[in-house]
Amino acid sequence: MKTVLITGGAGFIGSHLCDRLVKDNKVICVDNTFTGSEANVKHLMGDDNFRFVKHDIIEPLFLDDEDIDEIYNLACPASPVHYQFNAIRTIKANILGMVNMLGLAIKHKARILQASTSEVYGDPLEHPQREDYWGNVNCTGIRSCYDEGKRCAETLMFDYHRQNKVDIKVIRIFNTYGPRMAKDDGRVVSNFITQGLSGKDITVYGDGKQTRSFCYISDMISGIIKMMGKDDFIGPVNLGNPKEFTILELAKEVIELSGSDSKVVFKKLPSDDPKKRCPDISLAKKKLGWEPKVELREGLKKTIEYFRGK
Ligand code: NAD
Ligand code: UDP
């Protein structure tokens, strides 16, 4: 049985990863609970294969009694509202946190996977985005703490690989949604569903013609685990759903599926908000034999059910 460390394990994606991996592995979930919550992993607390460690990865982590085989590094606030709340901490989580986790990987001779993001492409000038596109990123804007932080984290991964032969995996996650997104998260899917279910106005930023591609959580977890298990391929690799929707289309789907009588209202578009985003997943298909299976409507129905129960 392997021992896997999941940083950000009490967050949205991390907690689903804990669920999946705890079946066959010893899981150490490390989280400072900034945007995640112990409630997301409460059901695992009594499991002999599961251990929760409250820790901020900005600080070095010592787990000398453990023999760690794999590290999934997910610790970082993901919603623009939360990562901009304390931008300097976001940069520290991405850079100091990455250095600390790479140090831990060296010490334990562990394989390490970095949860990077489609944000490394910024407001892309190429569409859909392929891994060999270098991006169009503002380095001084309000999203830069996250975008540039994640870009530098990728650089660190590759330099540790070249210099120290660390066994790395880099995935670029595109917008992912599903149960356990935080209600107050500020991201578009959770905002629209919360607003739709409570009959409040649906807040579309800008004219709603900007696009995103939404991947359901179960598909994302399969992709992440496949990448960790793949030898002789370090990435970066895009993981996301290649079906592209405008934000206005998303709003209409949520209104219909939640049976809501909410109205759409238009609000100011935040600065540097990417106009288009859609992954080219040819590489993931070829190298990992992976592609998403869950259609947006099906995933939204499950997510709406989850939020109804909250
Ligand atoms: P999330 O906010 O739900 O999860 C992040 C988790 O990391 C939280 O539990 C939070 O408490 C924890 N955390 C934050 N800073 C930390 C620190 N310094 N030390 C320890 N723990 C810390 O977000 P998510 O959607 O689950 O995202 C997980 C990862 O995937 C993030 O790295 C994010 O950048 C990446 N990602 C997510 C998406 C998406 O659409 N969900 C898209 C691209 C990339
Ligand atoms: N958005 C919106 N209304 C909201 C929240 C977000 O119209 O209540 C828009 C946002 O401006 C962006 C898209 O939805 O164009 C996706 O935003 P999110 O914060 O989920 O993630 P991003 O992909 O921008 O990181």
# chains A, B, ... in the order shown; residues from 1 in each chain; ligands from 1
$ select_by_dssp --residues "range 40-107 of chain A" --states "strand (DSSP E)" --output "PyMOL selection string"
chain A and resi 50-54+70-73
$ residues_around --residues "range 127-141 of chain A" --least-positions-apart "6" --cutoff "9 Å" --atoms "only C-alpha atoms" --output "PyMOL selection string"
chain A and resi 118-121+147-148+172+235-238+242+271-272+276-283
$ write_last_selection --atoms "N, CA, C and O atoms" --output "PDB file, in the first residue's frame"
ATOM      1  N   SER A 118      -5.323  26.349 -16.070  1.00  0.00           N
ATOM      2  CA  SER A 118      -5.517  27.011 -17.369  1.00  0.00           C
ATOM      3  C   SER A 118      -5.145  28.487 -17.294  1.00  0.00           C
ATOM      4  O   SER A 118      -4.924  29.127 -18.319  1.00  0.00           O
ATOM      5  N   GLU A 119      -5.101  29.031 -16.077  1.00  0.00           N
ATOM      6  CA  GLU A 119      -4.737  30.454 -15.906  1.00  0.00           C
ATOM      7  C   GLU A 119      -3.315  30.739 -16.376  1.00  0.00           C
ATOM      8  O   GLU A 119      -2.963  31.896 -16.582  1.00  0.00           O
ATOM      9  N   VAL A 120      -2.485  29.702 -16.528  1.00  0.00           N
ATOM     10  CA  VAL A 120      -1.128  29.958 -17.037  1.00  0.00           C
ATOM     11  C   VAL A 120      -1.199  30.484 -18.476  1.00  0.00           C
ATOM     12  O   VAL A 120      -0.248  31.073 -18.962  1.00  0.00           O
ATOM     13  N   TYR A 121      -2.334  30.272 -19.156  1.00  0.00           N
ATOM     14  CA  TYR A 121      -2.498  30.808 -20.515  1.00  0.00           C
ATOM     15  C   TYR A 121      -3.028  32.248 -20.485  1.00  0.00           C
ATOM     16  O   TYR A 121      -3.118  32.887 -21.531  1.00  0.00           O
ATOM     17  N   ASP A 147      -1.962  33.632 -11.330  1.00  0.00           N
ATOM     18  CA  ASP A 147      -1.466  33.198 -12.647  1.00  0.00           C
ATOM     19  C   ASP A 147       0.060  33.072 -12.644  1.00  0.00           C
ATOM     20  O   ASP A 147       0.615  32.051 -13.055  1.00  0.00           O
ATOM     21  N   GLU A 148       0.712  34.125 -12.187  1.00  0.00           N
ATOM     22  CA  GLU A 148       2.185  34.102 -12.199  1.00  0.00           C
ATOM     23  C   GLU A 148       2.715  33.160 -11.120  1.00  0.00           C
ATOM     24  O   GLU A 148       3.762  32.545 -11.296  1.00  0.00           O
ATOM     25  N   ARG A 172      -2.569  20.838 -15.962  1.00  0.00           N
ATOM     26  CA  ARG A 172      -3.212  22.159 -16.031  1.00  0.00           C
ATOM     27  C   ARG A 172      -4.717  21.956 -16.007  1.00  0.00           C
ATOM     28  O   ARG A 172      -5.303  21.510 -16.999  1.00  0.00           O
ATOM     29  N   GLY A 235       4.363  15.846 -18.487  1.00  0.00           N
ATOM     30  CA  GLY A 235       3.486  16.957 -18.768  1.00  0.00           C
ATOM     31  C   GLY A 235       4.278  18.183 -19.193  1.00  0.00           C
ATOM     32  O   GLY A 235       5.452  18.048 -19.548  1.00  0.00           O
ATOM     33  N   PRO A 236       3.702  19.371 -19.135  1.00  0.00           N
ATOM     34  CA  PRO A 236       2.356  19.657 -18.647  1.00  0.00           C
ATOM     35  C   PRO A 236       1.280  19.088 -19.568  1.00  0.00           C
ATOM     36  O   PRO A 236       1.482  19.020 -20.775  1.00  0.00           O
ATOM     37  N   VAL A 237       0.150  18.745 -18.940  1.00  0.00           N
ATOM     38  CA  VAL A 237      -0.975  18.231 -19.715  1.00  0.00           C
ATOM     39  C   VAL A 237      -2.263  18.931 -19.272  1.00  0.00           C
ATOM     40  O   VAL A 237      -2.491  19.126 -18.086  1.00  0.00           O
ATOM     41  N   ASN A 238      -3.053  19.330 -20.273  1.00  0.00           N
ATOM     42  CA  ASN A 238      -4.352  19.946 -19.987  1.00  0.00           C
ATOM     43  C   ASN A 238      -5.341  18.888 -19.523  1.00  0.00           C
ATOM     44  O   ASN A 238      -5.471  17.835 -20.165  1.00  0.00           O
ATOM     45  N   PRO A 242     -13.565  19.770 -23.091  1.00  0.00           N
ATOM     46  CA  PRO A 242     -13.384  20.634 -24.261  1.00  0.00           C
ATOM     47  C   PRO A 242     -14.672  21.244 -24.809  1.00  0.00           C
ATOM     48  O   PRO A 242     -14.634  21.917 -25.833  1.00  0.00           O
ATOM     49  N   SER A 271     -11.292  43.027 -13.871  1.00  0.00           N
ATOM     50  CA  SER A 271     -10.199  43.245 -14.827  1.00  0.00           C
ATOM     51  C   SER A 271      -9.436  41.950 -15.102  1.00  0.00           C
ATOM     52  O   SER A 271      -9.365  41.055 -14.248  1.00  0.00           O
ATOM     53  N   ASP A 272      -8.897  41.879 -16.298  1.00  0.00           N
ATOM     54  CA  ASP A 272      -8.101  40.728 -16.779  1.00  0.00           C
ATOM     55  C   ASP A 272      -8.898  39.429 -16.875  1.00  0.00           C
ATOM     56  O   ASP A 272      -8.313  38.345 -16.937  1.00  0.00           O
ATOM     57  N   LYS A 276     -11.919  33.992 -23.454  1.00  0.00           N
ATOM     58  CA  LYS A 276     -12.193  32.658 -23.986  1.00  0.00           C
ATOM     59  C   LYS A 276     -11.350  31.648 -23.241  1.00  0.00           C
ATOM     60  O   LYS A 276     -10.196  31.953 -22.887  1.00  0.00           O
ATOM     61  N   ARG A 277     -11.895  30.468 -23.040  1.00  0.00           N
ATOM     62  CA  ARG A 277     -11.037  29.424 -22.458  1.00  0.00           C
ATOM     63  C   ARG A 277     -11.599  28.057 -22.831  1.00  0.00           C
ATOM     64  O   ARG A 277     -12.768  27.773 -22.571  1.00  0.00           O
ATOM     65  N   CYS A 278     -10.767  27.262 -23.432  1.00  0.00           N
ATOM     66  CA  CYS A 278     -11.181  25.917 -23.829  1.00  0.00           C
ATOM     67  C   CYS A 278      -9.937  25.065 -24.018  1.00  0.00           C
ATOM     68  O   CYS A 278      -9.019  25.461 -24.733  1.00  0.00           O
ATOM     69  N   PRO A 279      -9.890  23.907 -23.372  1.00  0.00           N
ATOM     70  CA  PRO A 279      -8.675  23.090 -23.517  1.00  0.00           C
ATOM     71  C   PRO A 279      -8.658  22.273 -24.806  1.00  0.00           C
ATOM     72  O   PRO A 279      -9.688  21.748 -25.224  1.00  0.00           O
ATOM     73  N   ASP A 280      -7.481  22.163 -25.399  1.00  0.00           N
ATOM     74  CA  ASP A 280      -7.238  21.126 -26.390  1.00  0.00           C
ATOM     75  C   ASP A 280      -6.738  19.931 -25.567  1.00  0.00           C
ATOM     76  O   ASP A 280      -5.705  20.035 -24.897  1.00  0.00           O
ATOM     77  N   ILE A 281      -7.482  18.836 -25.594  1.00  0.00           N
ATOM     78  CA  ILE A 281      -7.089  17.704 -24.726  1.00  0.00           C
ATOM     79  C   ILE A 281      -6.503  16.532 -25.529  1.00  0.00           C
ATOM     80  O   ILE A 281      -6.469  15.396 -25.036  1.00  0.00           O
ATOM     81  N   SER A 282      -6.004  16.843 -26.740  1.00  0.00           N
ATOM     82  CA  SER A 282      -5.422  15.763 -27.565  1.00  0.00           C
ATOM     83  C   SER A 282      -4.309  15.026 -26.823  1.00  0.00           C
ATOM     84  O   SER A 282      -4.186  13.805 -26.908  1.00  0.00           O
ATOM     85  N   LEU A 283      -3.488  15.800 -26.092  1.00  0.00           N
ATOM     86  CA  LEU A 283      -2.347  15.181 -25.410  1.00  0.00           C
ATOM     87  C   LEU A 283      -2.824  14.234 -24.300  1.00  0.00           C
ATOM     88  O   LEU A 283      -2.302  13.124 -24.152  1.00  0.00           O
TER      89      LEU A 283
END
$ closest_atom_pairs --of "chain A" --to "ligand 2" --cutoff "10 Å" --atoms "only C-alpha atoms and all ligand atoms" --output "CSV"
residue,atom,partner,partner_atom_place_in_ligand_line,distance
A:Ala78,CA,ligand 2,25 (O),7.5
A:Ser79,CA,ligand 2,19 (O),5.7
A:Pro80,CA,ligand 2,19 (O),5.4
A:Val81,CA,ligand 2,19 (O),7.4
A:His82,CA,ligand 2,19 (O),9.7
A:Thr117,CA,ligand 2,25 (O),9.2
A:Ser118,CA,ligand 2,23 (O),8.3
A:Glu119,CA,ligand 2,25 (O),7.1
A:Gly122,CA,ligand 2,25 (O),9.8
A:Arg143,CA,ligand 2,25 (O),8.8
A:Tyr146,CA,ligand 2,25 (O),9.6
A:Asp147,CA,ligand 2,25 (O),9.7
A:Phe174,CA,ligand 2,23 (O),7.8
A:Asn175,CA,ligand 2,23 (O),5.9
A:Thr176,CA,ligand 2,20 (O),8.8
A:Tyr177,CA,ligand 2,20 (O),9.0
A:Asp185,CA,ligand 2,19 (O),8.6
A:Gly186,CA,ligand 2,5 (C),5.9
A:Arg187,CA,ligand 2,20 (O),3.5
A:Val188,CA,ligand 2,5 (C),3.7
A:Val189,CA,ligand 2,20 (O),6.3
A:Ser190,CA,ligand 2,20 (O),8.0
A:Asn191,CA,ligand 2,8 (O),5.1
A:Phe192,CA,ligand 2,8 (O),6.2
A:Ile193,CA,ligand 2,8 (O),9.7
A:Thr194,CA,ligand 2,8 (O),9.8
A:Gln195,CA,ligand 2,8 (O),8.8
A:Asp201,CA,ligand 2,8 (O),9.8
A:Ile202,CA,ligand 2,8 (O),7.0
A:Thr203,CA,ligand 2,8 (O),4.8
A:Val204,CA,ligand 2,7 (O),3.5
A:Tyr205,CA,ligand 2,7 (O),3.7
A:Gly206,CA,ligand 2,7 (O),6.8
A:Asp207,CA,ligand 2,7 (O),8.4
A:Gly208,CA,ligand 2,7 (O),6.1
A:Lys209,CA,ligand 2,15 (O),8.5
A:Gln210,CA,ligand 2,15 (O),5.7
A:Thr211,CA,ligand 2,15 (O),6.9
A:Arg212,CA,ligand 2,23 (O),6.5
A:Ser213,CA,ligand 2,23 (O),8.7
A:Phe214,CA,ligand 2,23 (O),9.3
A:Thr246,CA,ligand 2,13 (C),8.7
A:Ile247,CA,ligand 2,14 (O),5.8
A:Leu248,CA,ligand 2,7 (O),7.8
A:Leu250,CA,ligand 2,14 (O),9.1
A:Ala251,CA,ligand 2,7 (O),8.4
A:Val264,CA,ligand 2,7 (O),9.9
A:Val265,CA,ligand 2,3 (N),9.5
A:Phe266,CA,ligand 2,7 (O),8.0
A:Lys267,CA,ligand 2,7 (O),7.7
A:Lys268,CA,ligand 2,11 (O),8.5
A:Leu269,CA,ligand 2,11 (O),5.7
A:Pro270,CA,ligand 2,11 (O),6.1
A:Ser271,CA,ligand 2,11 (O),8.8
A:Asp272,CA,ligand 2,24 (O),9.0
A:Asp273,CA,ligand 2,15 (O),5.6
A:Pro274,CA,ligand 2,15 (O),6.4
A:Lys275,CA,ligand 2,15 (O),6.9
A:Lys276,CA,ligand 2,15 (O),8.5
A:Arg277,CA,ligand 2,23 (O),7.9
$ closest_atom_pairs --of "chain A" --to "ligand 1" --cutoff "8 Å" --atoms "only C-alpha atoms and all ligand atoms" --output "CSV"
residue,atom,partner,partner_atom_place_in_ligand_line,distance
A:Thr7,CA,ligand 1,21 (N),6.0
A:Gly8,CA,ligand 1,7 (O),3.3
A:Gly9,CA,ligand 1,9 (O),5.8
A:Ala10,CA,ligand 1,9 (O),4.2
A:Gly11,CA,ligand 1,9 (O),3.1
A:Phe12,CA,ligand 1,26 (O),3.7
A:Ile13,CA,ligand 1,26 (O),3.7
A:Gly14,CA,ligand 1,26 (O),5.4
A:Ser15,CA,ligand 1,26 (O),7.7
A:Val30,CA,ligand 1,20 (C),6.2
A:Asp31,CA,ligand 1,21 (N),3.7
A:Asn32,CA,ligand 1,21 (N),4.2
A:Thr33,CA,ligand 1,11 (O),3.5
A:Phe34,CA,ligand 1,11 (O),3.7
A:Thr35,CA,ligand 1,11 (O),4.0
A:Gly36,CA,ligand 1,9 (O),3.1
A:Ser37,CA,ligand 1,9 (O),6.1
A:Lys54,CA,ligand 1,20 (C),7.7
A:His55,CA,ligand 1,20 (C),5.7
A:Asp56,CA,ligand 1,19 (N),3.4
A:Ile57,CA,ligand 1,19 (N),4.1
A:Ile58,CA,ligand 1,18 (N),5.3
A:Asn73,CA,ligand 1,32 (O),7.0
A:Leu74,CA,ligand 1,32 (O),3.9
A:Ala75,CA,ligand 1,7 (O),3.5
A:Cys76,CA,ligand 1,14 (C),3.8
A:Pro77,CA,ligand 1,2 (O),4.1
A:Ala78,CA,ligand 1,33 (C),4.4
A:Ser79,CA,ligand 1,2 (O),6.4
A:His82,CA,ligand 1,2 (O),7.7
A:Arg89,CA,ligand 1,18 (N),7.2
A:Thr90,CA,ligand 1,15 (N),7.1
A:Lys92,CA,ligand 1,18 (N),7.4
A:Ala93,CA,ligand 1,18 (N),4.5
A:Asn94,CA,ligand 1,18 (N),7.9
A:Gly97,CA,ligand 1,18 (N),6.6
A:Gln114,CA,ligand 1,32 (O),7.9
A:Ala115,CA,ligand 1,32 (O),5.1
A:Ser116,CA,ligand 1,44 (C),5.5
A:Thr117,CA,ligand 1,43 (C),4.1
A:Ser118,CA,ligand 1,43 (C),6.0
A:Glu119,CA,ligand 1,43 (C),7.2
A:Tyr146,CA,ligand 1,34 (O),7.7
A:Lys150,CA,ligand 1,34 (O),7.6
A:Arg172,CA,ligand 1,43 (C),6.7
A:Ile173,CA,ligand 1,43 (C),4.2
A:Phe174,CA,ligand 1,42 (C),4.8
A:Asn175,CA,ligand 1,40 (O),3.5
A:Thr176,CA,ligand 1,40 (O),3.7
A:Tyr177,CA,ligand 1,41 (N),6.2
A:Arg180,CA,ligand 1,3 (O),7.8
A:Met181,CA,ligand 1,3 (O),6.2
A:Ala182,CA,ligand 1,3 (O),6.8
A:Asp185,CA,ligand 1,2 (O),7.8
A:Phe214,CA,ligand 1,40 (O),8.0
A:Cys215,CA,ligand 1,40 (O),8.0
$ closest_residue --among "A:Leu296, A:Ile168, A:Ile71, A:Leu257" --to "Gly196 in chain A" --atoms "only C-alpha atoms"
A:Leu257
$ atom_distance --atom1 "CA of Glu70 in chain A" --atom2 "CA of Ala39 in chain A"
24.1 Å
